[in-house]
>>> print(open('query.csv').read())   # CSV, C-alpha atoms and all ligand atoms
chain,number,residue,atom,x,y,z
A,255,MET,CA,92.0,146.4,105.3
A,256,MET,CA,90.7,143.8,107.7
A,257,ASN,CA,93.3,141.3,109.1
A,258,VAL,CA,91.8,137.9,109.7
A,259,LEU,CA,93.4,135.2,111.8
A,260,GLY,CA,92.5,131.7,110.3
A,261,ILE,CA,92.7,128.4,112.1
A,262,GLU,CA,92.7,125.0,110.5
A,263,THR,CA,92.8,121.8,112.6
A,264,SER,CA,90.4,119.4,110.7
A,265,CYS,CA,92.7,116.5,110.2
A,266,ASP,CA,96.5,116.1,111.0
A,267,GLU,CA,97.7,119.6,110.2
A,268,THR,CA,97.7,122.4,112.8
A,269,SER,CA,97.7,125.6,110.9
A,270,VAL,CA,97.3,129.3,111.7
A,271,ALA,CA,97.5,132.2,109.2
A,272,VAL,CA,97.0,135.9,109.0
A,273,VAL,CA,95.4,137.2,105.8
A,274,ALA,CA,94.7,140.8,104.9
A,275,GLY,CA,91.6,141.8,103.0
A,276,GLY,CA,90.8,138.2,102.2
A,277,ARG,CA,93.7,137.9,99.7
A,278,LYS,CA,97.1,138.9,100.9
A,279,LEU,CA,99.0,136.3,103.0
A,280,LEU,CA,100.8,137.9,105.9
A,281,SER,CA,101.7,134.5,107.4
A,282,ASN,CA,100.7,130.9,107.1
A,283,VAL,CA,102.3,128.5,109.6
A,284,THR,CA,101.6,124.7,109.5
A,285,ALA,CA,102.7,121.9,111.8
A,286,SER,CA,101.9,118.4,110.7
A,287,SER,CA,101.8,115.2,112.7
A,288,LEU,CA,102.1,113.3,109.4
A,289,LYS,CA,105.3,111.5,110.3
A,290,PHE,CA,103.7,109.9,113.3
A,291,HIS,CA,100.9,108.5,111.1
A,292,SER,CA,103.1,107.2,108.2
A,293,ARG,CA,104.0,103.9,109.8
A,294,HIS,CA,100.3,103.2,110.4
A,295,GLY,CA,99.5,103.7,106.7
A,296,GLY,CA,96.8,106.3,107.5
A,297,ILE,CA,95.8,109.0,109.9
A,298,ILE,CA,95.2,107.9,113.5
A,299,PRO,CA,92.6,110.4,114.9
A,300,GLU,CA,93.9,110.1,118.5
A,301,ILE,CA,97.5,110.9,117.5
A,302,ALA,CA,96.3,113.9,115.4
A,303,PHE,CA,94.2,115.3,118.2
A,304,ARG,CA,96.9,115.0,120.8
A,305,MET,CA,99.5,116.7,118.6
A,306,GLN,CA,97.1,119.5,117.9
A,307,LEU,CA,96.5,120.2,121.5
A,308,GLU,CA,100.3,120.4,122.0
A,309,THR,CA,101.1,122.6,119.0
A,310,ILE,CA,98.2,125.0,118.5
A,311,VAL,CA,99.4,127.7,120.9
A,312,GLY,CA,103.0,127.7,119.5
A,313,VAL,CA,101.7,127.7,115.9
A,314,ALA,CA,99.4,130.6,116.6
A,315,GLN,CA,102.2,132.6,118.2
A,316,ASP,CA,104.5,132.0,115.2
A,317,ALA,CA,101.8,133.0,112.8
A,318,VAL,CA,101.2,136.3,114.6
A,319,ARG,CA,104.9,137.0,114.8
A,320,ASP,CA,105.5,136.2,111.1
A,321,SER,CA,102.7,138.5,110.1
A,322,LYS,CA,104.6,141.4,111.8
A,323,LEU,CA,101.3,142.4,113.4
A,324,SER,CA,100.1,142.1,116.9
A,325,LEU,CA,97.0,140.5,118.2
A,326,LYS,CA,95.3,143.9,118.6
A,327,ASP,CA,95.4,144.3,114.8
A,328,ILE,CA,93.3,141.2,114.2
A,329,GLY,CA,89.7,142.0,113.3
A,330,LEU,CA,88.1,138.5,112.8
A,331,ILE,CA,88.8,134.9,113.8
A,332,ALA,CA,87.9,132.3,111.2
A,333,VAL,CA,88.1,128.6,112.0
A,334,THR,CA,87.3,125.3,110.2
A,335,SER,CA,84.2,123.9,112.0
A,336,GLU,CA,83.3,121.2,109.4
A,337,PRO,CA,83.9,118.5,108.1
A,338,GLY,CA,86.8,116.7,109.8
A,339,LEU,CA,87.8,114.5,112.8
A,340,LEU,CA,86.0,115.2,116.0
A,341,GLY,CA,88.9,115.7,118.4
A,342,SER,CA,90.9,117.7,115.9
A,343,LEU,CA,88.1,120.1,115.0
A,344,VAL,CA,87.3,120.7,118.7
A,345,VAL,CA,90.9,121.8,119.4
A,346,GLY,CA,90.7,124.5,116.7
A,347,VAL,CA,87.2,125.7,117.4
A,348,SER,CA,87.8,125.9,121.2
A,349,PHE,CA,91.0,127.9,120.6
A,350,ALA,CA,89.2,130.2,118.1
A,351,LYS,CA,86.4,130.9,120.6
A,352,ALA,CA,88.8,131.7,123.4
A,353,LEU,CA,90.7,134.0,121.1
A,354,ALA,CA,87.6,135.8,119.8
A,355,LEU,CA,86.3,136.2,123.3
A,356,SER,CA,89.5,137.6,124.7
A,357,LEU,CA,90.2,139.9,121.8
A,358,LYS,CA,86.5,141.0,121.6
A,359,VAL,CA,86.4,140.3,117.8
A,360,PRO,CA,83.8,138.4,115.8
A,361,LEU,CA,84.1,134.7,115.1
A,362,ILE,CA,83.2,132.8,111.9
A,363,GLY,CA,83.0,129.0,111.3
A,364,VAL,CA,84.1,127.9,107.8
A,365,ASN,CA,83.5,124.7,105.8
A,366,HIS,CA,86.9,123.0,105.1
A,367,LEU,CA,85.9,122.0,101.5
A,368,HIS,CA,84.7,125.4,100.6
A,369,SER,CA,87.9,126.9,101.8
A,370,HIS,CA,89.9,124.5,99.6
A,371,ILE,CA,88.1,126.2,96.7
A,372,TYR,CA,88.9,129.6,98.1
A,373,ALA,CA,92.7,128.8,98.0
A,374,ASN,CA,92.4,129.8,94.3
A,375,PHE,CA,91.7,133.4,95.4
A,376,LEU,CA,94.8,133.9,97.6
A,377,ASP,CA,97.5,136.1,96.3
A,378,ALA,CA,95.9,135.8,92.9
A,379,GLU,CA,93.3,137.5,90.6
A,380,PRO,CA,89.8,136.4,91.7
A,381,VAL,CA,88.1,133.7,89.6
A,382,GLN,CA,85.0,135.2,88.1
A,383,LEU,CA,81.7,133.8,89.4
A,384,PRO,CA,80.0,131.5,88.7
A,385,PHE,CA,82.3,128.6,88.3
A,386,ILE,CA,82.5,124.9,88.9
A,387,GLY,CA,84.6,123.9,91.9
A,388,LEU,CA,86.3,120.5,92.1
A,389,ILE,CA,87.6,119.4,95.5
A,390,VAL,CA,90.0,116.4,95.4
A,391,SER,CA,91.4,115.7,98.9
A,392,GLY,CA,92.2,112.8,101.1
A,393,GLY,CA,88.8,112.6,102.6
A,394,HIS,CA,86.5,114.1,99.9
A,395,THR,CA,85.9,114.3,96.2
A,396,SER,CA,83.1,116.8,95.3
A,397,LEU,CA,81.9,118.9,92.5
A,398,TYR,CA,80.2,122.2,93.3
A,399,HIS,CA,78.4,125.0,91.4
A,400,VAL,CA,79.8,128.2,93.0
A,401,HIS,CA,77.5,131.2,92.5
A,402,GLY,CA,79.0,133.1,95.5
A,403,PHE,CA,80.8,132.1,98.6
A,404,ASN,CA,77.6,131.8,100.5
A,405,ARG,CA,75.9,130.1,97.6
A,406,ILE,CA,77.7,126.9,96.9
A,407,THR,CA,75.5,124.0,95.6
A,408,SER,CA,76.6,120.4,95.3
A,409,VAL,CA,76.7,118.9,91.8
A,410,GLY,CA,78.2,115.5,92.6
A,411,HIS,CA,80.6,113.5,94.9
A,412,THR,CA,82.3,110.2,95.3
A,413,VAL,CA,80.1,107.3,96.1
A,414,ASP,CA,82.9,105.4,97.8
A,415,ASP,CA,86.6,106.3,98.4
A,416,ALA,CA,87.9,109.8,98.1
A,417,CYS,CA,90.3,110.5,95.3
A,418,GLY,CA,93.3,111.1,97.6
A,419,GLU,CA,92.3,108.1,99.6
A,420,ALA,CA,92.6,106.0,96.4
A,421,PHE,CA,96.1,107.3,95.8
A,422,ASP,CA,96.9,106.4,99.4
A,423,LYS,CA,95.5,102.9,99.2
A,424,VAL,CA,97.2,102.2,95.9
A,425,ALA,CA,100.5,103.3,97.4
A,426,LYS,CA,99.9,101.0,100.3
A,427,ILE,CA,99.2,98.1,98.0
A,428,LEU,CA,102.5,98.9,96.1
A,429,ARG,CA,104.3,99.3,99.5
A,430,LEU,CA,105.2,102.9,98.8
A,431,GLY,CA,104.3,104.4,102.2
A,432,TYR,CA,101.9,107.2,103.2
A,433,PRO,CA,100.7,109.6,101.9
A,434,GLY,CA,100.5,108.0,98.5
A,435,GLY,CA,99.9,111.0,96.2
A,436,PRO,CA,103.4,112.5,95.9
A,437,VAL,CA,105.2,109.1,95.6
A,438,ILE,CA,102.7,107.9,92.9
A,439,GLU,CA,103.2,111.1,91.0
A,440,ARG,CA,107.0,110.7,91.1
A,441,LEU,CA,106.9,107.0,90.0
A,442,ALA,CA,104.3,107.6,87.3
A,443,ALA,CA,106.6,110.2,85.7
A,444,THR,CA,108.8,107.4,84.4
A,445,GLY,CA,106.1,104.7,84.0
A,446,ASP,CA,104.1,103.5,81.0
A,447,PRO,CA,100.5,104.7,81.4
A,448,GLY,CA,99.4,102.4,78.6
A,449,ARG,CA,100.7,99.2,80.2
A,450,TYR,CA,97.7,98.3,82.3
A,451,PRO,CA,94.1,99.1,81.1
A,452,LEU,CA,93.0,100.5,84.5
A,453,LYS,CA,89.7,102.4,84.5
A,454,CYS,CA,87.6,104.2,87.1
A,455,ALA,CA,84.1,102.7,87.4
A,456,LEU,CA,81.3,104.9,86.2
A,457,ALA,CA,79.0,105.9,89.1
A,458,ASP,CA,75.3,105.7,88.4
A,459,ARG,CA,74.9,109.5,88.2
A,460,PRO,CA,76.9,111.5,85.6
A,461,TYR,CA,78.7,113.8,88.1
A,462,ASP,CA,79.4,111.3,90.8
A,463,PHE,CA,82.8,109.5,91.1
A,464,SER,CA,83.9,106.0,92.1
A,465,PHE,CA,87.4,105.1,93.1
A,466,SER,CA,87.1,101.9,95.0
A,467,GLY,CA,86.9,99.6,91.9
A,468,ILE,CA,90.2,100.8,90.5
A,469,LYS,CA,91.9,100.3,93.8
A,470,THR,CA,90.7,96.7,93.8
A,471,ALA,CA,91.9,96.2,90.3
A,472,VAL,CA,95.4,97.3,91.4
A,473,LEU,CA,95.2,94.8,94.3
A,474,TYR,CA,94.4,91.9,91.9
A,475,LEU,CA,97.2,93.0,89.5
A,476,SER,CA,99.7,93.1,92.4
A,477,LYS,CA,98.8,89.5,93.4
A,478,HIS,CA,99.6,88.2,89.9
A,479,GLU,CA,102.8,90.2,89.1
A,480,LYS,CA,106.1,90.5,90.7
A,481,MET,CA,106.5,93.8,92.7
A,482,SER,CA,109.4,95.1,90.6
A,483,MET,CA,110.1,98.8,90.3
A,484,ARG,CA,109.0,98.6,86.7
A,485,PHE,CA,105.6,97.1,87.8
A,486,LYS,CA,105.2,99.9,90.4
A,487,ARG,CA,106.0,102.6,87.9
A,488,ASP,CA,103.7,101.3,85.2
A,489,VAL,CA,100.8,100.8,87.6
A,490,ALA,CA,101.3,104.2,89.1
A,491,ALA,CA,101.2,105.8,85.6
A,492,SER,CA,98.2,103.8,84.5
A,493,PHE,CA,96.3,104.5,87.7
A,494,GLN,CA,97.1,108.2,87.6
A,495,LYS,CA,96.0,108.5,84.0
A,496,ALA,CA,92.7,106.8,84.7
A,497,VAL,CA,92.0,109.0,87.8
A,498,ALA,CA,92.9,112.2,86.0
A,499,GLY,CA,90.8,111.2,83.0
A,500,THR,CA,87.6,110.6,85.0
A,501,LEU,CA,88.1,113.8,87.1
A,502,ILE,CA,88.5,115.9,84.0
A,503,LYS,CA,85.8,114.3,81.9
A,504,LYS,CA,83.1,114.7,84.6
A,505,THR,CA,84.1,118.2,85.6
A,506,LEU,CA,84.0,119.4,82.0
A,507,ALA,CA,80.7,117.7,81.5
A,508,ALA,CA,79.3,119.5,84.6
A,509,ALA,CA,80.6,122.8,83.4
A,510,LYS,CA,79.1,122.3,79.9
A,511,ALA,CA,75.7,121.2,81.3
A,512,ARG,CA,75.5,124.3,83.4
A,513,ASN,CA,77.0,126.6,80.8
A,514,VAL,CA,79.8,127.6,83.1
A,515,LYS,CA,83.1,128.7,81.5
A,516,ARG,CA,85.4,128.5,84.5
A,517,ILE,CA,86.6,125.7,86.8
A,518,ALA,CA,88.6,126.0,90.1
A,519,VAL,CA,90.3,122.9,91.5
A,520,GLY,CA,91.4,122.5,95.2
A,521,GLY,CA,92.5,119.9,97.8
A,522,GLY,CA,95.6,117.8,98.1
A,523,VAL,CA,95.3,116.0,94.8
A,524,ALA,CA,95.2,119.3,93.0
A,525,ALA,CA,99.0,119.5,93.7
A,526,ASN,CA,99.4,116.7,91.2
A,527,SER,CA,101.4,118.0,88.1
A,528,TYR,CA,100.0,115.5,85.7
A,529,LEU,CA,96.4,116.3,86.7
A,530,ARG,CA,97.2,120.1,86.3
A,531,GLN,CA,98.8,119.6,82.9
A,532,GLU,CA,96.0,117.3,81.5
A,533,PHE,CA,93.3,119.6,82.8
A,534,LEU,CA,94.9,122.6,81.1
A,535,ARG,CA,95.2,120.7,77.9
A,536,ALA,CA,91.5,119.6,78.0
A,537,VAL,CA,90.0,123.0,78.8
A,538,SER,CA,91.9,124.7,76.1
A,539,ARG,CA,90.4,122.4,73.6
A,540,GLU,CA,86.9,123.3,74.9
A,541,GLY,CA,87.4,127.0,75.3
A,542,LEU,CA,87.1,126.9,79.1
A,543,GLN,CA,89.4,128.0,81.8
A,544,VAL,CA,90.8,126.1,84.8
A,545,TYR,CA,92.4,127.5,87.9
A,546,PHE,CA,94.6,125.8,90.5
A,547,PRO,CA,96.0,127.3,93.7
A,548,PRO,CA,99.8,127.3,94.1
A,549,LYS,CA,100.9,123.8,95.1
A,550,SER,CA,101.7,124.9,98.6
A,551,LEU,CA,98.1,126.1,99.1
A,552,CYS,CA,96.5,122.9,97.8
A,553,LEU,CA,97.3,121.0,101.0
A,554,ASP,CA,95.5,121.8,104.3
A,555,ASN,CA,96.4,125.3,105.4
A,556,ALA,CA,94.8,128.1,107.5
A,557,ALA,CA,95.3,130.9,104.9
A,558,MET,CA,92.4,129.5,102.8
A,559,VAL,CA,90.3,129.4,106.0
A,560,ALA,CA,91.1,133.0,106.8
A,561,GLY,CA,90.2,134.1,103.3
A,562,MET,CA,87.0,132.2,103.1
A,563,GLY,CA,86.0,133.5,106.6
A,564,TYR,CA,86.6,137.1,105.4
A,565,ARG,CA,84.3,136.6,102.4
A,566,LEU,CA,81.5,135.1,104.5
A,567,TYR,CA,81.9,138.0,107.0
A,568,ARG,CA,81.6,140.5,104.2
A,569,GLU,CA,78.4,138.8,103.3
A,570,GLY,CA,77.1,139.4,106.8
A,571,LEU,CA,77.6,136.0,108.3
A,572,ARG,CA,78.8,135.6,111.9
A,573,SER,CA,79.1,132.6,114.3
A,574,GLY,CA,78.3,132.7,118.0
A,575,LEU,CA,80.4,131.3,120.9
A,576,ASP,CA,78.0,128.3,120.6
A,577,LEU,CA,79.6,127.4,117.2
A,578,GLU,CA,79.5,123.6,117.0
A,579,VAL,CA,81.7,121.2,115.0
A,580,ASN,CA,80.2,119.0,112.4
A,581,LEU,CA,81.9,115.8,111.3
A,582,ASN,CA,80.4,115.5,107.8
B,1,LIG,O1,93.5,118.3,101.2
B,1,LIG,P1,94.5,117.4,101.9
B,1,LIG,O2,95.8,118.0,102.4
B,1,LIG,O3,93.8,116.8,103.2
B,1,LIG,C1,92.5,116.5,103.3
B,1,LIG,O4,91.7,117.5,103.5
B,1,LIG,O5,92.2,115.3,103.1
B,1,LIG,O6,94.8,116.2,100.9
B,1,LIG,C2,95.6,115.1,101.3
B,1,LIG,C3,95.5,114.1,100.2
B,1,LIG,C4,96.3,112.8,100.4
B,1,LIG,O7,95.4,111.7,100.1
B,1,LIG,C5,97.4,112.8,99.5
B,1,LIG,O8,97.8,111.5,99.1
B,1,LIG,C6,96.9,113.6,98.3
B,1,LIG,O9,96.2,114.6,99.0
B,1,LIG,N1,98.0,114.2,97.6
B,1,LIG,C7,98.3,114.0,96.3
B,1,LIG,C8,99.4,114.7,95.9
B,1,LIG,N2,99.8,115.4,97.1
B,1,LIG,C9,99.0,115.1,98.0
B,1,LIG,N3,97.6,113.2,95.4
B,1,LIG,C10,98.1,113.1,94.1
B,1,LIG,N4,99.2,113.8,93.7
B,1,LIG,C11,99.9,114.6,94.6
B,1,LIG,N5,101.0,115.2,94.2
B,2,ZN,ZN,91.8,119.3,103.1
>>> encode(input="query.csv", output="structure tokens")
Amino acid sequence: MMNVLGIETSCDETSVAVVAGGRKLLSNVTASSLKFHSRHGGIIPEIAFRMQLETIVGVAQDAVRDSKLSLKDIGLIAVTSEPGLLGSLVVGVSFAKALALSLKVPLIGVNHLHSHIYANFLDAEPVQLPFIGLIVSGGHTSLYHVHGFNRITSVGHTVDDACGEAFDKVAKILRLGYPGGPVIERLAATGDPGRYPLKCALADRPYDFSFSGIKTAVLYLSKHEKMSMRFKRDVAASFQKAVAGTLIKKTLAAAKARNVKRIAVGGGVAANSYLRQEFLRAVSREGLQVYFPPKSLCLDNAAMVAGMGYRLYREGLRSGLDLEVNLN
């Protein structure tokens, strides 16, 4: 079984993992500079990049040590090369190139969003192809038709804010801190989802998403009401319900239109318990199946990069030492 060392540095996490045979996690170590960004209410690229430079070597040493292997047991280096923040991506890709060169093993660049879909295949039974992939992260919201790991076609995407970004912005309006997803989920659990008639705008195309209108609606609400805990809880619940509703409706519509029976969700927002539960309920009514990675693998991590890299390698893909980063 081939051992792949994966590297993920596209945003504020610095993560290195060792995965055997594309499925079995031997180690997955992640350092995050999140606490340094929180007070700014969002990620500051310069801070993320500097922290990554400082931590990458230590994180990689920990990941190799935790795997109980040594560097000579690694057969492939997989690294996120797109999309992401320029400085952050460059740290991971440069480190990956140096490691591949010194160990004399092949290198493969991986798309971060595709690897979020791959998180569903780690330590789990593989989802049968083809399926619809829904990525809901802090920077992206996209629907894909997945025919194979080297055959992923785009079905739709957000026309404005990303889904996680909407959680973050609403949390900022409600003065709940950053990141917004987990705290909104927590407050929503005791809020009344029927109190405010919040809705996500319908984008022009059936499988596209729009989240900026609902954020503005929350902003108006908060100008006219007292910022009590009751208000925050009810807005959180109404907002979360509207967002989950639109994600589920459009994903199911895309699956039906393409006659696909399975859906795999990934990205930070896929950790949301309400979304998971509502999705399960909706697909069972329709005779479809939905898959989620374990919550710990929904957020940015290198295990999904190692797994995805292994699959692409098996399909014959390789990157050269001239591998470039791509921001989009
Ligand atoms: O995938 P991810 O770790 O990073 C990107 O690639 O962007 O996603 C981070 C995003 C943040 O916007 C965060 O607020 C959101 O995922 N998030 C959640 C939850 N946990 C994280 N959103 C809703 N509910 C959650 N439980
Ligand atoms: Zn991500």
>>> residues_near_ligand(input="query.csv", ligand="ligand LIG 1 (chain B)", cutoff="9 Å", atoms="only C-alpha atoms and all ligand atoms", output="PyMOL selection string")
chain A and resi 264-267+338+366-367+370+389-394+416-423+425+432-440+494+520-529+549+552-555
>>> closest_residue(input="query.csv", among="A:Lys477, A:Leu428, A:Ser396, A:Thr263", to="A:Ser348", atoms="only C-alpha atoms")
A:Thr263
>>> closest_residue(input="query.csv", among="A:Thr407, A:Thr309, A:Ser550, A:Thr470", to="A:Gly346", atoms="all atoms listed in the file")
A:Thr309
>>> closest_residue(input="query.csv", among="A:Ala378, A:Gln306, A:Arg516, A:Ala560", to="A:Val345", atoms="all atoms listed in the file")
A:Gln306
>>> closest_residue(input="query.csv", among="A:Gly275, A:Pro337, A:Pro299, A:Pro447", to="ligand ZN 2 (chain B)", atoms="all atoms listed in the file")
A:Pro337
>>> residues_near_point(input="query.csv", point="(95.3, 120.8, 81.0)", cutoff="12 Å", atoms="all atoms listed in the file", output="PDB file with C-alpha atoms, in the frame of the given file")
ATOM      1  CA  ALA A 498      92.900 112.200  86.000  1.00  0.00           C
ATOM      2  CA  GLY A 499      90.800 111.200  83.000  1.00  0.00           C
ATOM      3  CA  LEU A 501      88.100 113.800  87.100  1.00  0.00           C
ATOM      4  CA  ILE A 502      88.500 115.900  84.000  1.00  0.00           C
ATOM      5  CA  LYS A 503      85.800 114.300  81.900  1.00  0.00           C
ATOM      6  CA  LEU A 506      84.000 119.400  82.000  1.00  0.00           C
ATOM      7  CA  ILE A 517      86.600 125.700  86.800  1.00  0.00           C
ATOM      8  CA  VAL A 519      90.300 122.900  91.500  1.00  0.00           C
ATOM      9  CA  ASN A 526      99.400 116.700  91.200  1.00  0.00           C
ATOM     10  CA  SER A 527     101.400 118.000  88.100  1.00  0.00           C
ATOM     11  CA  TYR A 528     100.000 115.500  85.700  1.00  0.00           C
ATOM     12  CA  LEU A 529      96.400 116.300  86.700  1.00  0.00           C
ATOM     13  CA  ARG A 530      97.200 120.100  86.300  1.00  0.00           C
ATOM     14  CA  GLN A 531      98.800 119.600  82.900  1.00  0.00           C
ATOM     15  CA  GLU A 532      96.000 117.300  81.500  1.00  0.00           C
ATOM     16  CA  PHE A 533      93.300 119.600  82.800  1.00  0.00           C
ATOM     17  CA  LEU A 534      94.900 122.600  81.100  1.00  0.00           C
ATOM     18  CA  ARG A 535      95.200 120.700  77.900  1.00  0.00           C
ATOM     19  CA  ALA A 536      91.500 119.600  78.000  1.00  0.00           C
ATOM     20  CA  VAL A 537      90.000 123.000  78.800  1.00  0.00           C
ATOM     21  CA  SER A 538      91.900 124.700  76.100  1.00  0.00           C
ATOM     22  CA  ARG A 539      90.400 122.400  73.600  1.00  0.00           C
ATOM     23  CA  GLU A 540      86.900 123.300  74.900  1.00  0.00           C
ATOM     24  CA  GLY A 541      87.400 127.000  75.300  1.00  0.00           C
ATOM     25  CA  LEU A 542      87.100 126.900  79.100  1.00  0.00           C
ATOM     26  CA  GLN A 543      89.400 128.000  81.800  1.00  0.00           C
ATOM     27  CA  VAL A 544      90.800 126.100  84.800  1.00  0.00           C
ATOM     28  CA  TYR A 545      92.400 127.500  87.900  1.00  0.00           C
ATOM     29  CA  PHE A 546      94.600 125.800  90.500  1.00  0.00           C
TER      30      PHE A 546
END
>>> atom_distance(input="query.csv", atom1="atom CA of A:Leu357", atom2="atom CA of A:Glu336")
23.5 Å
>>> atom_distance(input="query.csv", atom1="atom CA of A:Leu259", atom2="atom CA of A:Gly329")
7.9 Å
>>> atom_distance(input="query.csv", atom1="atom CA of A:Glu300", atom2="atom CA of A:Ser335")
18.1 Å
>>> closest_residue(input="query.csv", among="A:Ile386, A:Glu379, A:Phe485, A:Val472", to="A:Lys426", atoms="only C-alpha atoms")
A:Val472
>>> residues_around(input="query.csv", residues="stretch 281-285 of chain A", least_positions_apart="5", cutoff="12 Å", atoms="all atoms listed in the file", output="ChimeraX atom specification")
/A:257-263,265-274,302,305-323,376-377,550-551,553-561
>>> residues_around(input="query.csv", residues="A:Asp462", least_positions_apart="6", cutoff="12 Å", atoms="only C-alpha atoms", output="list in words")
Leu388, His394, Thr395, Ser396, Leu397, Tyr398, Ser408, Val409, Gly410, His411, Thr412, Val413, Asp414, Asp415, Ala416, Cys417, Cys454, Ala455, Leu456, Thr500, Leu501, Lys503, Lys504, Thr505, Ala507 and Ala508 of chain A
>>> closest_residue(input="query.csv", among="A:Phe493, A:Phe303, A:Phe349, A:Tyr461", to="A:Leu473", atoms="all atoms listed in the file")
A:Phe493
>>> residues_around(input="query.csv", residues="A:Leu575", least_positions_apart="2", cutoff="7 Å", atoms="only C-alpha atoms", output="list in words")
Lys351, Ser573 and Leu577 of chain A
>>> residues_near_point(input="query.csv", point="(85.7, 135.6, 102.6)", cutoff="10 Å", atoms="all atoms listed in the file", output="list in words")
Val258, Gly275, Gly276, Arg277, Ala332, Val364, Ser369, Tyr372, Phe375, Phe403, Asn404, Met558, Val559, Ala560, Gly561, Met562, Gly563, Tyr564, Arg565, Leu566, Tyr567, Arg568, Glu569 and Leu571 of chain A
>>> decode(input="query.csv", residues="stretch 521-558 of chain A", atoms="C-alpha atoms", output="compact mmCIF listing (two decimals), in the first residue's frame")
# COMPACT_ATOMS: atom_id res chain seq x y z
CA GLY A 521 -16.33 21.81 3.45
CA GLY A 522 -16.58 23.61 6.80
CA VAL A 523 -20.36 24.17 6.70
CA ALA A 524 -20.86 20.40 6.22
CA ALA A 525 -19.97 20.13 9.93
CA ASN A 526 -23.33 21.80 10.73
CA SER A 527 -25.58 19.27 12.53
CA TYR A 528 -28.83 20.95 11.47
CA LEU A 529 -27.79 20.81 7.80
CA ARG A 530 -26.77 17.15 8.16
CA GLN A 531 -30.04 16.19 9.83
CA GLU A 532 -32.26 18.11 7.36
CA PHE A 533 -30.36 16.67 4.39
CA LEU A 534 -30.82 13.13 5.69
CA ARG A 535 -34.52 13.76 6.15
CA ALA A 536 -34.96 15.22 2.67
CA VAL A 537 -33.05 12.51 0.78
CA SER A 538 -34.88 9.69 2.52
CA ARG A 539 -38.17 11.15 1.23
CA GLU A 540 -36.74 11.13 -2.30
CA GLY A 541 -35.07 7.74 -2.25
CA LEU A 542 -31.58 9.25 -2.57
CA GLN A 543 -28.50 8.92 -0.35
CA VAL A 544 -26.38 11.65 1.20
CA TYR A 545 -22.86 11.29 2.62
CA PHE A 546 -20.96 13.56 5.00
CA PRO A 547 -17.36 13.22 6.18
CA PRO A 548 -16.81 12.91 9.94
CA LYS A 549 -17.06 16.44 11.37
CA SER A 550 -13.33 16.63 12.05
CA LEU A 551 -12.63 16.06 8.33
CA CYS A 552 -15.10 18.71 7.11
CA LEU A 553 -12.70 21.52 8.04
CA ASP A 554 -9.45 22.08 6.17
CA ASN A 555 -7.06 19.16 6.67
CA ALA A 556 -4.25 17.45 4.80
CA ALA A 557 -5.68 13.92 4.98
CA MET A 558 -8.20 14.75 2.27
